[in-house]
Amino acid sequence: MQEGRAVPQDTGKEGTITVKVRAFAVLREIIPAEHNVEIAGGATVGDLLEHLSLRHPGLGDALFTPAGELGAYVNILKNGRNIHFSGGLETPLEDGDIVALFPPAGGG
């Protein structure tokens, strides 16, 4: 998890948004395969991951390095597009977005 990141509080100005979260592979052992999450308007992908990590023990360890950075082979997609190309963890969320979480893949 990222140290020092605060999940935006609902100030009443922006309200809340609903984001659909889809988890794949071993992450389904930690969080539901698909569920809706309400979060404060103006939240980013990083805020969402922090929010989820606080509610689902083990998720933060599965996604982040001990230094609080997204793991090297973790892929996060917002509406089918990798956040690596759209602002990383600072990618803004909007009501109705779909965020897919993919852990590092193993095998060979």
# chains A, B, ... in the order shown; residues from 1 in each chain; ligands from 1

$ select_by_dssp --residues "region 21-54 of chain A" --states "helix (DSSP H, G or I)" --output "list in words"
Ala25, Val26, Leu27, Arg28, Glu29, Val45, Gly46, Asp47, Leu48, Leu49, Glu50, His51, Leu52, Ser53 and Leu54 of chain A

$ write_last_selection --atoms "N, CA and C atoms" --output "mmCIF file, in the first residue's frame"
data_model
loop_
_atom_site.group_PDB
_atom_site.id
_atom_site.type_symbol
_atom_site.label_atom_id
_atom_site.label_comp_id
_atom_site.auth_asym_id
_atom_site.auth_seq_id
_atom_site.Cartn_x
_atom_site.Cartn_y
_atom_site.Cartn_z
ATOM 1 N N ALA A 25 -7.474 -14.186 -11.442
ATOM 2 C CA ALA A 25 -6.490 -15.144 -10.931
ATOM 3 C C ALA A 25 -6.513 -15.190 -9.406
ATOM 4 N N VAL A 26 -5.353 -15.179 -8.776
ATOM 5 C CA VAL A 26 -5.271 -15.365 -7.325
ATOM 6 C C VAL A 26 -5.909 -14.227 -6.540
ATOM 7 N N LEU A 27 -6.123 -13.082 -7.168
ATOM 8 C CA LEU A 27 -6.772 -11.976 -6.458
ATOM 9 C C LEU A 27 -8.202 -12.314 -6.079
ATOM 10 N N ARG A 28 -8.800 -13.269 -6.789
ATOM 11 C CA ARG A 28 -10.172 -13.696 -6.471
ATOM 12 C C ARG A 28 -10.249 -14.428 -5.135
ATOM 13 N N GLU A 29 -9.104 -14.831 -4.613
ATOM 14 C CA GLU A 29 -9.070 -15.436 -3.281
ATOM 15 C C GLU A 29 -9.104 -14.371 -2.187
ATOM 16 N N VAL A 45 -7.357 5.943 -9.456
ATOM 17 C CA VAL A 45 -7.153 4.494 -9.357
ATOM 18 C C VAL A 45 -6.371 4.169 -8.090
ATOM 19 N N GLY A 46 -5.374 4.961 -7.756
ATOM 20 C CA GLY A 46 -4.607 4.748 -6.533
ATOM 21 C C GLY A 46 -5.476 4.832 -5.293
ATOM 22 N N ASP A 47 -6.399 5.793 -5.281
ATOM 23 C CA ASP A 47 -7.330 5.920 -4.148
ATOM 24 C C ASP A 47 -8.210 4.677 -4.040
ATOM 25 N N LEU A 48 -8.677 4.183 -5.176
ATOM 26 C CA LEU A 48 -9.510 2.985 -5.182
ATOM 27 C C LEU A 48 -8.736 1.793 -4.631
ATOM 28 N N LEU A 49 -7.500 1.622 -5.064
ATOM 29 C CA LEU A 49 -6.700 0.495 -4.584
ATOM 30 C C LEU A 49 -6.428 0.603 -3.092
ATOM 31 N N GLU A 50 -6.204 1.806 -2.606
ATOM 32 C CA GLU A 50 -6.018 2.016 -1.172
ATOM 33 C C GLU A 50 -7.300 1.654 -0.426
ATOM 34 N N HIS A 51 -8.421 2.107 -0.937
ATOM 35 C CA HIS A 51 -9.740 1.821 -0.353
ATOM 36 C C HIS A 51 -9.957 0.306 -0.273
ATOM 37 N N LEU A 52 -9.690 -0.391 -1.371
ATOM 38 C CA LEU A 52 -9.874 -1.844 -1.407
ATOM 39 C C LEU A 52 -8.899 -2.555 -0.467
ATOM 40 N N SER A 53 -7.666 -2.079 -0.422
ATOM 41 C CA SER A 53 -6.642 -2.713 0.420
ATOM 42 C C SER A 53 -6.983 -2.601 1.901
ATOM 43 N N LEU A 54 -7.606 -1.517 2.295
ATOM 44 C CA LEU A 54 -8.005 -1.342 3.690
ATOM 45 C C LEU A 54 -9.127 -2.298 4.073
#

$ select_by_dssp --residues "region 7-102 of chain A" --states "strand (DSSP E)" --output "list in words"
Thr16, Ile17, Thr18, Val19, Lys20, Val21, Arg22, Ala23, Glu34, His35, Asn36, Val37, Glu38, Ile39, Ala40, Asn75, Ile76, Leu77, Lys78, Arg81, Asn82, Ile98, Val99, Ala100, Leu101 and Phe102 of chain A

$ closest_residue --among "A:Gly80, A:Gly15, A:Pro92, A:Gly87" --to "Ala40 (chain A)" --atoms "only C-alpha atoms"
A:Gly15

$ residues_around --residues "Ala100 (chain A)" --least-positions-apart "4" --cutoff "7 Å" --atoms "only C-alpha atoms" --output "short mmCIF file (atom, residue, chain, number, x, y, z; two decimals) with N, CA, C and O atoms, in the first residue's frame"
data_model
loop_
_atom_site.label_atom_id
_atom_site.label_comp_id
_atom_site.auth_asym_id
_atom_site.auth_seq_id
_atom_site.Cartn_x
_atom_site.Cartn_y
_atom_site.Cartn_z
N VAL A 21 -15.40 -3.28 -9.96
CA VAL A 21 -14.06 -3.84 -9.83
C VAL A 21 -14.13 -5.31 -10.20
O VAL A 21 -14.97 -6.05 -9.70
N ARG A 22 -13.23 -5.72 -11.08
CA ARG A 22 -13.11 -7.12 -11.48
C ARG A 22 -11.72 -7.61 -11.10
O ARG A 22 -10.73 -6.97 -11.43
N ALA A 23 -11.67 -8.74 -10.41
CA ALA A 23 -10.40 -9.32 -9.99
C ALA A 23 -10.18 -10.63 -10.74
O ALA A 23 -11.12 -11.37 -11.02
N ILE A 76 -3.30 -3.10 -14.16
CA ILE A 76 -4.58 -2.50 -13.79
C ILE A 76 -5.15 -1.87 -15.05
O ILE A 76 -4.49 -1.04 -15.70
N LEU A 77 -6.37 -2.27 -15.41
CA LEU A 77 -7.02 -1.70 -16.58
C LEU A 77 -8.24 -0.90 -16.15
O LEU A 77 -9.01 -1.34 -15.29
N LYS A 78 -8.39 0.28 -16.73
CA LYS A 78 -9.59 1.10 -16.53
C LYS A 78 -10.31 1.10 -17.87
O LYS A 78 -9.77 1.56 -18.88
#

$ atom_distance --atom1 "CA of Val74 (chain A)" --atom2 "CA of Glu38 (chain A)"
22.9 Å

$ closest_residue --among "A:Gly60, A:Asn79, A:Ile31, A:Ala67" --to "Asp95 (chain A)" --atoms "only C-alpha atoms"
A:Asn79

$ atom_distance --atom1 "CA of Asn75 (chain A)" --atom2 "CA of Leu101 (chain A)"
6.3 Å

$ residues_around --residues "Thr18 (chain A)" --least-positions-apart "4" --cutoff "12 Å" --atoms "only C-alpha atoms" --output "short mmCIF file (atom, residue, chain, number, x, y, z; two decimals) with all heavy atoms, in the first residue's frame"
data_model
loop_
_atom_site.label_atom_id
_atom_site.label_comp_id
_atom_site.auth_asym_id
_atom_site.auth_seq_id
_atom_site.Cartn_x
_atom_site.Cartn_y
_atom_site.Cartn_z
N HIS A 35 -17.43 -6.87 -8.23
CA HIS A 35 -18.33 -6.17 -7.32
C HIS A 35 -18.25 -4.66 -7.56
O HIS A 35 -17.30 -4.16 -8.16
CB HIS A 35 -18.02 -6.52 -5.86
CG HIS A 35 -16.70 -6.03 -5.35
ND1 HIS A 35 -15.49 -6.56 -5.76
CD2 HIS A 35 -16.40 -5.08 -4.45
CE1 HIS A 35 -14.51 -5.94 -5.14
NE2 HIS A 35 -15.03 -5.03 -4.35
N ASN A 36 -19.29 -3.97 -7.10
CA ASN A 36 -19.34 -2.53 -7.22
C ASN A 36 -18.79 -1.90 -5.95
O ASN A 36 -19.04 -2.37 -4.85
CB ASN A 36 -20.77 -2.05 -7.45
CG ASN A 36 -21.29 -2.44 -8.81
OD1 ASN A 36 -20.54 -2.53 -9.78
ND2 ASN A 36 -22.59 -2.68 -8.90
N VAL A 37 -18.06 -0.80 -6.14
CA VAL A 37 -17.46 -0.07 -5.03
C VAL A 37 -17.88 1.38 -5.13
O VAL A 37 -17.76 1.99 -6.19
CB VAL A 37 -15.92 -0.17 -5.07
CG1 VAL A 37 -15.29 0.68 -3.97
CG2 VAL A 37 -15.48 -1.62 -4.97
N GLU A 38 -18.39 1.92 -4.02
CA GLU A 38 -18.68 3.35 -3.96
C GLU A 38 -17.49 4.05 -3.36
O GLU A 38 -16.95 3.63 -2.34
CB GLU A 38 -19.93 3.61 -3.12
CG GLU A 38 -21.21 3.22 -3.81
CD GLU A 38 -22.44 3.70 -3.08
OE1 GLU A 38 -22.33 4.55 -2.16
OE2 GLU A 38 -23.52 3.21 -3.42
N ILE A 39 -17.06 5.13 -4.00
CA ILE A 39 -15.91 5.90 -3.56
C ILE A 39 -16.20 7.37 -3.84
O ILE A 39 -17.06 7.70 -4.66
CB ILE A 39 -14.61 5.40 -4.25
CG1 ILE A 39 -13.37 5.97 -3.58
CG2 ILE A 39 -14.64 5.66 -5.72
CD1 ILE A 39 -12.09 5.24 -3.95
N ALA A 40 -15.51 8.25 -3.14
CA ALA A 40 -15.74 9.68 -3.29
C ALA A 40 -15.45 10.14 -4.71
O ALA A 40 -14.50 9.68 -5.35
CB ALA A 40 -14.88 10.46 -2.30
N GLY A 41 -16.28 11.04 -5.21
CA GLY A 41 -16.03 11.65 -6.50
C GLY A 41 -14.67 12.32 -6.49
O GLY A 41 -14.23 12.83 -5.47
N GLY A 42 -13.97 12.28 -7.61
CA GLY A 42 -12.64 12.85 -7.70
C GLY A 42 -11.54 11.88 -7.35
O GLY A 42 -10.36 12.22 -7.38
N ALA A 43 -11.91 10.63 -7.02
CA ALA A 43 -10.92 9.61 -6.65
C ALA A 43 -10.12 9.17 -7.88
O ALA A 43 -10.57 9.27 -9.02
CB ALA A 43 -11.61 8.41 -6.01
N LEU A 48 -8.68 4.18 -5.18
CA LEU A 48 -9.51 2.99 -5.18
C LEU A 48 -8.74 1.79 -4.63
O LEU A 48 -9.25 1.04 -3.81
CB LEU A 48 -10.00 2.68 -6.60
CG LEU A 48 -10.75 1.36 -6.77
CD1 LEU A 48 -12.08 1.39 -6.01
CD2 LEU A 48 -10.98 1.06 -8.25
N LEU A 93 -10.96 8.49 -11.83
CA LEU A 93 -12.10 7.59 -12.00
C LEU A 93 -13.37 8.40 -12.22
O LEU A 93 -13.52 9.50 -11.69
CB LEU A 93 -12.26 6.70 -10.77
CG LEU A 93 -11.15 5.69 -10.53
CD1 LEU A 93 -11.33 5.02 -9.18
CD2 LEU A 93 -11.13 4.65 -11.64
N GLU A 94 -14.29 7.81 -12.97
CA GLU A 94 -15.60 8.41 -13.20
C GLU A 94 -16.67 7.38 -12.89
O GLU A 94 -16.42 6.17 -12.93
CB GLU A 94 -15.71 8.88 -14.65
CG GLU A 94 -14.71 9.95 -15.00
CD GLU A 94 -14.78 10.34 -16.46
OE1 GLU A 94 -15.76 9.96 -17.14
OE2 GLU A 94 -13.86 11.01 -16.93
N ASP A 95 -17.85 7.86 -12.60
CA ASP A 95 -18.97 6.97 -12.30
C ASP A 95 -19.17 5.99 -13.46
O ASP A 95 -19.19 6.38 -14.62
CB ASP A 95 -20.23 7.81 -12.08
CG ASP A 95 -21.36 6.99 -11.48
OD1 ASP A 95 -21.11 6.27 -10.49
OD2 ASP A 95 -22.48 7.06 -12.01
N GLY A 96 -19.28 4.70 -13.12
CA GLY A 96 -19.53 3.68 -14.13
C GLY A 96 -18.28 3.04 -14.70
O GLY A 96 -18.38 2.12 -15.51
N ASP A 97 -17.09 3.52 -14.32
CA ASP A 97 -15.86 2.91 -14.82
C ASP A 97 -15.77 1.45 -14.38
O ASP A 97 -16.32 1.06 -13.36
CB ASP A 97 -14.62 3.65 -14.29
CG ASP A 97 -14.34 4.94 -15.04
OD1 ASP A 97 -14.88 5.14 -16.14
OD2 ASP A 97 -13.54 5.75 -14.51
N ILE A 98 -15.03 0.67 -15.17
CA ILE A 98 -14.73 -0.72 -14.83
C ILE A 98 -13.22 -0.82 -14.64
O ILE A 98 -12.45 -0.47 -15.55
CB ILE A 98 -15.20 -1.69 -15.92
CG1 ILE A 98 -16.71 -1.58 -16.10
CG2 ILE A 98 -14.77 -3.12 -15.59
CD1 ILE A 98 -17.25 -2.35 -17.30
N VAL A 99 -12.80 -1.27 -13.46
CA VAL A 99 -11.38 -1.41 -13.16
C VAL A 99 -11.09 -2.89 -12.98
O VAL A 99 -11.70 -3.56 -12.15
CB VAL A 99 -11.00 -0.62 -11.89
CG1 VAL A 99 -9.54 -0.84 -11.53
CG2 VAL A 99 -11.28 0.88 -12.09
#

$ closest_residue --among "A:Val19, A:Ile30, A:Ala105, A:Ile83" --to "His56 (chain A)" --atoms "only C-alpha atoms"
A:Ile30
